[in-house]
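model32.tsv follows (TSV, C-alpha atoms):
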```tsv
chain	number	residue	atom	x	y	z
A	1	MET	CA	-58.44	-72.25	-33.76
A	2	GLN	CA	-62.17	-71.99	-34.48
A	3	ILE	CA	-63.44	-71.23	-37.98
A	4	GLU	CA	-67.01	-70.30	-38.94
A	5	THR	CA	-68.36	-69.48	-42.41
A	6	PHE	CA	-71.57	-68.65	-44.23
A	7	GLN	CA	-72.80	-67.66	-47.68
A	8	HIS	CA	-76.11	-66.04	-48.57
A	9	LEU	CA	-77.48	-65.55	-52.09
A	10	GLY	CA	-79.38	-62.36	-51.28
A	11	ARG	CA	-81.79	-61.41	-54.05
A	12	ARG	CA	-79.31	-62.36	-56.76
A	13	GLU	CA	-79.92	-65.20	-59.20
A	14	GLU	CA	-76.44	-66.65	-58.78
A	15	GLN	CA	-73.71	-66.74	-56.15
A	16	GLN	CA	-70.79	-64.71	-57.55
A	17	ASP	CA	-68.76	-64.77	-54.34
A	18	ALA	CA	-66.24	-67.53	-53.74
A	19	TYR	CA	-64.08	-68.44	-50.76
A	20	PHE	CA	-61.28	-70.80	-49.80
A	21	ILE	CA	-59.78	-72.22	-46.61
A	22	SER	CA	-56.55	-74.20	-46.99
A	23	SER	CA	-56.34	-77.68	-45.51
A	24	ASP	CA	-53.71	-76.47	-43.02
A	25	ASN	CA	-56.04	-73.65	-41.87
A	26	LYS	CA	-53.45	-70.99	-42.69
A	27	LEU	CA	-54.63	-69.40	-45.95
A	28	PHE	CA	-58.07	-67.78	-46.28
A	29	LEU	CA	-59.56	-66.09	-49.38
A	30	VAL	CA	-62.78	-64.27	-50.26
A	31	CYS	CA	-63.48	-63.00	-53.79
A	32	ASP	CA	-66.51	-61.16	-55.18
A	33	GLY	CA	-66.92	-61.42	-58.95
A	34	ALA	CA	-68.41	-58.79	-61.23
A	35	GLY	CA	-69.36	-58.68	-64.90
A	36	GLY	CA	-72.67	-60.43	-65.39
A	37	MET	CA	-74.04	-63.50	-63.69
A	38	GLU	CA	-71.95	-66.31	-65.13
A	39	ASN	CA	-68.85	-64.20	-65.75
A	40	GLY	CA	-68.81	-62.83	-62.22
A	41	ALA	CA	-68.83	-66.31	-60.75
A	42	LEU	CA	-66.18	-67.40	-63.24
A	43	ALA	CA	-63.87	-64.56	-62.22
A	44	SER	CA	-64.13	-65.15	-58.46
A	45	ASN	CA	-63.73	-68.91	-58.76
A	46	LEU	CA	-60.77	-68.54	-61.13
A	47	ALA	CA	-59.06	-66.27	-58.61
A	48	ILE	CA	-59.66	-68.75	-55.80
A	49	LYS	CA	-58.39	-71.66	-57.90
A	50	THR	CA	-55.27	-69.84	-59.10
A	51	ILE	CA	-54.18	-68.54	-55.68
A	52	SER	CA	-54.97	-71.79	-53.84
A	53	GLU	CA	-52.99	-73.79	-56.40
A	54	ALA	CA	-50.06	-71.39	-56.11
A	55	TYR	CA	-50.14	-71.85	-52.34
A	56	SER	CA	-50.21	-75.64	-52.63
A	57	ARG	CA	-47.09	-75.58	-54.83
A	58	GLN	CA	-45.09	-73.60	-52.29
A	59	ALA	CA	-43.12	-75.21	-49.52
A	60	GLY	CA	-44.52	-72.52	-47.24
A	61	ILE	CA	-44.73	-68.76	-46.94
A	62	LEU	CA	-41.54	-67.53	-45.35
A	63	ASP	CA	-42.15	-63.81	-45.03
A	64	LEU	CA	-44.16	-60.82	-46.25
A	65	ALA	CA	-42.20	-60.60	-49.53
A	66	ASP	CA	-42.87	-64.28	-50.22
A	67	PHE	CA	-46.59	-63.78	-49.60
A	68	LYS	CA	-46.74	-60.71	-51.83
A	69	SER	CA	-44.89	-62.51	-54.61
A	70	MET	CA	-47.33	-65.42	-54.52
A	71	ILE	CA	-50.35	-63.10	-54.78
A	72	TYR	CA	-48.81	-60.86	-57.44
A	73	GLU	CA	-47.82	-63.79	-59.67
A	74	SER	CA	-51.32	-65.26	-59.23
A	75	ILE	CA	-52.93	-61.99	-60.31
A	76	TYR	CA	-50.74	-61.97	-63.40
A	77	LYS	CA	-51.96	-65.45	-64.29
A	78	ILE	CA	-55.60	-64.61	-63.56
A	79	ASN	CA	-55.35	-61.54	-65.80
A	80	SER	CA	-54.17	-63.69	-68.68
A	81	LEU	CA	-57.13	-66.07	-68.34
A	82	LEU	CA	-60.06	-63.72	-67.69
A	83	ASP	CA	-62.33	-62.50	-70.46
A	84	LYS	CA	-62.99	-58.80	-70.96
A	85	ASN	CA	-65.63	-56.96	-68.93
A	86	VAL	CA	-65.21	-59.13	-65.85
A	87	ALA	CA	-63.37	-58.59	-62.60
A	88	THR	CA	-63.13	-59.81	-59.05
A	89	THR	CA	-62.24	-58.34	-55.69
A	90	LEU	CA	-59.83	-60.13	-53.39
A	91	VAL	CA	-59.14	-60.29	-49.69
A	92	CYS	CA	-56.47	-62.74	-48.58
A	93	LEU	CA	-55.20	-63.70	-45.12
A	94	TYR	CA	-52.32	-65.94	-44.07
A	95	ILE	CA	-51.92	-66.93	-40.41
A	96	ASP	CA	-48.78	-68.59	-39.09
A	97	ASN	CA	-48.20	-69.02	-35.37
A	98	GLU	CA	-47.90	-65.55	-33.85
A	99	TYR	CA	-48.29	-63.35	-36.93
A	100	ALA	CA	-50.62	-62.77	-39.88
A	101	LEU	CA	-50.22	-61.35	-43.40
A	102	TYR	CA	-53.02	-59.90	-45.45
A	103	CYS	CA	-53.80	-57.98	-48.64
A	104	HIS	CA	-56.89	-56.89	-50.57
A	105	LEU	CA	-58.13	-55.34	-53.80
A	106	GLY	CA	-61.57	-53.75	-54.05
A	107	ASP	CA	-64.25	-53.63	-51.38
A	108	SER	CA	-64.09	-57.13	-49.94
A	109	LYS	CA	-62.86	-56.51	-46.42
A	110	LEU	CA	-60.75	-57.88	-43.59
A	111	PHE	CA	-61.31	-57.08	-39.92
A	112	TYR	CA	-58.97	-57.89	-37.04
A	113	PHE	CA	-60.30	-57.84	-33.49
A	114	ASN	CA	-57.58	-57.81	-30.82
A	115	GLU	CA	-58.88	-59.60	-27.75
A	116	LYS	CA	-56.13	-58.29	-25.50
A	117	ASN	CA	-57.07	-54.60	-25.68
A	118	ASN	CA	-60.55	-54.83	-27.27
A	119	SER	CA	-59.41	-52.86	-30.32
A	120	TRP	CA	-60.06	-53.50	-34.01
A	121	ILE	CA	-58.82	-52.55	-37.44
A	122	ALA	CA	-60.35	-52.94	-40.92
A	123	THR	CA	-58.97	-52.69	-44.42
A	124	LYS	CA	-59.81	-49.50	-46.27
A	125	ASP	CA	-61.94	-50.14	-49.37
A	126	HIS	CA	-60.62	-49.29	-52.81
A	127	SER	CA	-63.79	-47.44	-53.77
A	128	ILE	CA	-65.17	-44.07	-54.81
A	129	VAL	CA	-67.04	-43.58	-51.53
A	130	GLN	CA	-63.92	-44.35	-49.48
A	131	GLU	CA	-62.03	-41.67	-51.41
A	132	LEU	CA	-64.88	-39.22	-50.81
A	133	PHE	CA	-64.86	-40.11	-47.10
A	134	ASP	CA	-61.08	-39.66	-46.86
A	135	ALA	CA	-61.42	-36.27	-48.57
A	136	GLY	CA	-64.06	-35.17	-46.06
A	137	ILE	CA	-66.81	-34.88	-48.68
A	138	ILE	CA	-68.71	-37.75	-47.07
A	139	LYS	CA	-68.76	-37.22	-43.31
A	140	THR	CA	-70.19	-40.39	-41.76
A	141	GLU	CA	-70.37	-44.15	-42.24
A	142	GLU	CA	-74.14	-43.83	-42.62
A	143	GLU	CA	-73.63	-41.56	-45.64
A	144	ILE	CA	-71.39	-44.21	-47.20
A	145	LEU	CA	-74.16	-46.80	-46.87
A	146	ASN	CA	-76.65	-44.64	-48.77
A	147	HIS	CA	-74.40	-43.03	-51.38
A	148	PRO	CA	-75.36	-43.71	-55.04
A	149	LEU	CA	-71.72	-44.57	-55.88
A	150	ARG	CA	-71.34	-47.00	-53.01
A	151	ASN	CA	-70.65	-49.99	-55.29
A	152	ARG	CA	-68.06	-48.30	-57.53
A	153	ILE	CA	-64.65	-49.79	-56.80
A	154	THR	CA	-61.30	-48.37	-57.92
A	155	LYS	CA	-59.16	-51.52	-57.75
A	156	ALA	CA	-59.82	-55.16	-58.61
A	157	ILE	CA	-58.34	-58.11	-60.47
A	158	THR	CA	-59.27	-57.01	-63.99
A	159	PRO	CA	-58.12	-58.46	-67.35
A	160	GLY	CA	-55.60	-56.26	-69.11
A	161	ILE	CA	-54.96	-54.12	-66.03
A	162	MET	CA	-52.05	-55.30	-63.91
A	163	PRO	CA	-51.54	-53.42	-60.64
A	164	ALA	CA	-48.11	-52.02	-60.01
A	165	PRO	CA	-46.26	-53.91	-57.25
A	166	ASP	CA	-46.66	-50.95	-54.91
A	167	ASP	CA	-50.44	-50.96	-55.50
A	168	LEU	CA	-50.70	-54.38	-53.86
A	169	GLU	CA	-50.75	-53.37	-50.21
A	170	VAL	CA	-49.55	-56.22	-47.98
A	171	GLU	CA	-49.66	-55.79	-44.22
A	172	LYS	CA	-48.35	-57.77	-41.26
A	173	ILE	CA	-49.85	-58.14	-37.79
A	174	LYS	CA	-47.39	-59.34	-35.16
A	175	ASN	CA	-47.88	-60.89	-31.73
A	176	LEU	CA	-51.33	-62.39	-32.22
A	177	ASN	CA	-53.18	-62.98	-28.97
A	178	PRO	CA	-55.30	-66.04	-28.16
A	179	GLY	CA	-58.97	-65.12	-28.50
A	180	SER	CA	-58.34	-62.58	-31.26
A	181	ILE	CA	-60.58	-62.80	-34.34
A	182	PHE	CA	-60.11	-62.25	-38.06
A	183	VAL	CA	-63.10	-61.78	-40.37
A	184	LEU	CA	-62.99	-61.79	-44.17
A	185	CYS	CA	-66.17	-60.80	-46.00
A	186	SER	CA	-67.60	-59.62	-49.31
A	187	ASP	CA	-69.26	-56.21	-49.45
A	188	GLY	CA	-72.76	-57.72	-49.33
A	189	VAL	CA	-72.20	-58.58	-45.67
A	190	LEU	CA	-71.82	-54.87	-44.89
A	191	GLU	CA	-74.53	-53.68	-47.28
A	192	LYS	CA	-76.83	-52.47	-44.49
A	193	THR	CA	-74.46	-51.98	-41.58
A	194	THR	CA	-71.51	-49.75	-40.72
A	195	ASN	CA	-68.03	-51.00	-39.89
A	196	SER	CA	-68.52	-49.78	-36.32
A	197	ALA	CA	-71.77	-51.67	-35.84
A	198	PHE	CA	-70.23	-54.80	-37.36
A	199	ALA	CA	-67.24	-54.49	-35.04
A	200	GLY	CA	-69.59	-54.15	-32.07
A	201	VAL	CA	-70.89	-57.67	-32.70
A	202	PHE	CA	-67.44	-59.25	-32.81
A	203	ASN	CA	-66.12	-57.30	-29.82
A	204	GLN	CA	-68.81	-58.75	-27.56
A	205	GLN	CA	-67.23	-60.68	-24.70
A	206	THR	CA	-70.39	-62.57	-23.76
A	207	SER	CA	-70.89	-64.73	-26.87
A	208	ASP	CA	-68.80	-67.29	-28.72
A	209	LEU	CA	-67.71	-67.07	-32.36
A	210	ASN	CA	-70.59	-69.15	-33.67
A	211	GLU	CA	-73.13	-66.86	-32.00
A	212	LYS	CA	-71.44	-63.74	-33.38
A	213	VAL	CA	-71.41	-65.13	-36.91
A	214	GLU	CA	-75.04	-66.18	-36.57
A	215	ILE	CA	-76.01	-62.61	-35.65
A	216	ILE	CA	-74.36	-61.31	-38.83
A	217	ARG	CA	-75.81	-64.11	-40.95
A	218	HIS	CA	-79.31	-63.31	-39.69
A	219	GLN	CA	-78.81	-59.62	-40.51
A	220	CYS	CA	-77.72	-60.53	-44.05
A	221	VAL	CA	-80.70	-62.83	-44.59
A	222	GLN	CA	-83.06	-60.11	-43.41
A	223	LYS	CA	-81.54	-57.09	-45.15
A	224	SER	CA	-78.92	-57.80	-47.83
A	225	ALA	CA	-79.85	-57.92	-51.51
A	226	ASP	CA	-76.31	-58.75	-52.61
A	227	ASN	CA	-74.38	-62.01	-52.34
A	228	CYS	CA	-72.82	-62.40	-48.91
A	229	THR	CA	-69.78	-64.44	-47.91
A	230	LEU	CA	-67.99	-64.48	-44.55
A	231	ILE	CA	-65.13	-66.37	-42.92
A	232	ALA	CA	-64.42	-65.80	-39.22
A	233	ILE	CA	-61.31	-67.21	-37.52
A	234	GLU	CA	-60.71	-67.13	-33.77
A	235	ILE	CA	-57.16	-67.87	-32.74
```

Just dump the structure as structure tokens.
Amino acid sequence: MQIETFQHLGRREEQQDAYFISSDNKLFLVCDGAGGMENGALASNLAIKTISEAYSRQAGILDLADFKSMIYESIYKINSLLDKNVATTLVCLYIDNEYALYCHLGDSKLFYFNEKNNSWIATKDHSIVQELFDAGIIKTEEEILNHPLRNRITKAITPGIMPAPDDLEVEKIKNLNPGSIFVLCSDGVLEKTTNSAFAGVFNQQTSDLNEKVEIIRHQCVQKSADNCTLIAIEI
């Protein structure tokens, strides 16, 4: 397994993204805080701390229900500790041997690139623009990038608002192939690029993971005003 990461401040005064990689290289988290400079960072770091500690207390994640329970109970705890007017997104990935489990809230995203058939999937943002796209009101990815409501999310870890169990979408990917890649990232990474263009970088067969991540990092440094955080994992 190869793991590459980067963070970029953008034109923000503080880094409000946070990420985590477990010592066993199985659990990966990216959170993007919101609610003012200090409070945004507090929210994302609290989410990382709470979920990582919950993971460390477990003897292991046995199945999808076990994974969902760990995340849901962590969100409940985070909700009880957060101040008002703050929130954080979440994207979480667990990899174990030949399968992976993942879930997300908000517009932090997970991509999976299947080396065997050169296909890819991405989580669907919980956002106003995603709903407009699904409804056919927004027609293209380029329109999403430039829409005035692009940063309005519809789900997050928010104090006082506990998602229903069914709102926490947990997915499983079976039969992972060697050479396949997972990417977790905050929305700042995709601020100036479409999902398709992003996928084109990671589907390249001629460069290694470090080179692919460096291409994205360079794009973020040149173009992104928002905080950027990325974890890439090649199996």

Give me, as a ChimeraX atom specification, all polymer residues having an atom no more than 8 Å from range 75-91 of chain A, counting all atoms listed in the file and skipping those fewer than 5 positions away in the same chain. /A:29-36,39-40,43-44,46-47,50,102-110,155-162,184-185

May I have the residues within 12 Å of Ile215 in chain A as a list in words, using all atoms listed in the file and disregarding those fewer than 3 positions away in the same chain? Phe6, Val189, Ala197, Phe198, Ala199, Gly200, Val201, Phe202, Gln204, Ser207, Asp208, Leu209, Asn210, Glu211, Lys212, His218, Gln219, Cys220, Val221 and Gln222 of chain A

Give me, as a list in words, all polymer residues having an atom no more than 12 Å from Ser196 in chain A, counting only C-alpha atoms and skipping those fewer than 2 positions away in the same chain. Phe111, Phe113, Ser119, Trp120, Ile121, Ala122, Thr140, Glu141, Glu142, Leu190, Lys192, Thr193, Thr194, Phe198, Ala199, Gly200, Val201, Phe202 and Asn203 of chain A

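Protein and nucleic acid residues near (-45.2, -59.7, -43.4) are Asp63, Leu64, Ala65, Leu101, Glu171 and Lys172 of chain A, the criterion being any atom at most 7 Å away using only C-alpha atoms.
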
Counting all atoms listed in the file, the residue of A:Asn195, A:Ser74, A:Gln205, A:Thr154 that sits nearest Glu131 in chain A: A:Thr154

For Ile181 in chain A, which residue out of A:Asn118, A:Ser69, A:Gln16, A:Thr123 is the nearest one, using only C-alpha atoms? A:Asn118

By how many Å are CA of Val183 in chain A and CA of Gln7 in chain A apart?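 Calculated distance between CA of Val183 in chain A and CA of Gln7 in chain A is 13.5 Å.
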
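Across the structure, CA of Asp166 in chain A and CA of Phe182 in chain A are spaced 24.3 Å apart.
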
With 5 Å added on each side, what axis-aligned box encloses every listed atom of range 215-228 of chain A? Give the centre and edge lengths in Å to one decimal, as AutoDock Vina command-line options.
```
--center_x -77.9 --center_y -60.6 --center_z -44.1 --size_x 20.2 --size_y 17.0 --size_z 27.0
```

Please report the interatomic distance between CA of Ile235 in chain A and CA of Gln58 in chain A in Å with one decimal.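 Calculated distance between CA of Ile235 in chain A and CA of Gln58 in chain A is 23.7 Å.
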
Option closest in space to Glu234 in chain A, from A:Gln15, A:Ser127, A:Ser180, A:Asn45 [counting all atoms listed in the file]: A:Ser180

What's the 8 Å shell around Ile51 in chain A, counting all atoms listed in the file, without same-chain residues fewer than 3 positions away, as a PyMOL selection string? chain A and resi 47-48+54-55+70-71+74

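Protein and nucleic acid residues near (-63.0, -72.1, -40.8) are Gln2, Ile3, Glu4, Thr5, Ile21, Asn25, Ile231, Ala232 and Ile233 of chain A, the criterion being any atom at most 8 Å away using only C-alpha atoms.
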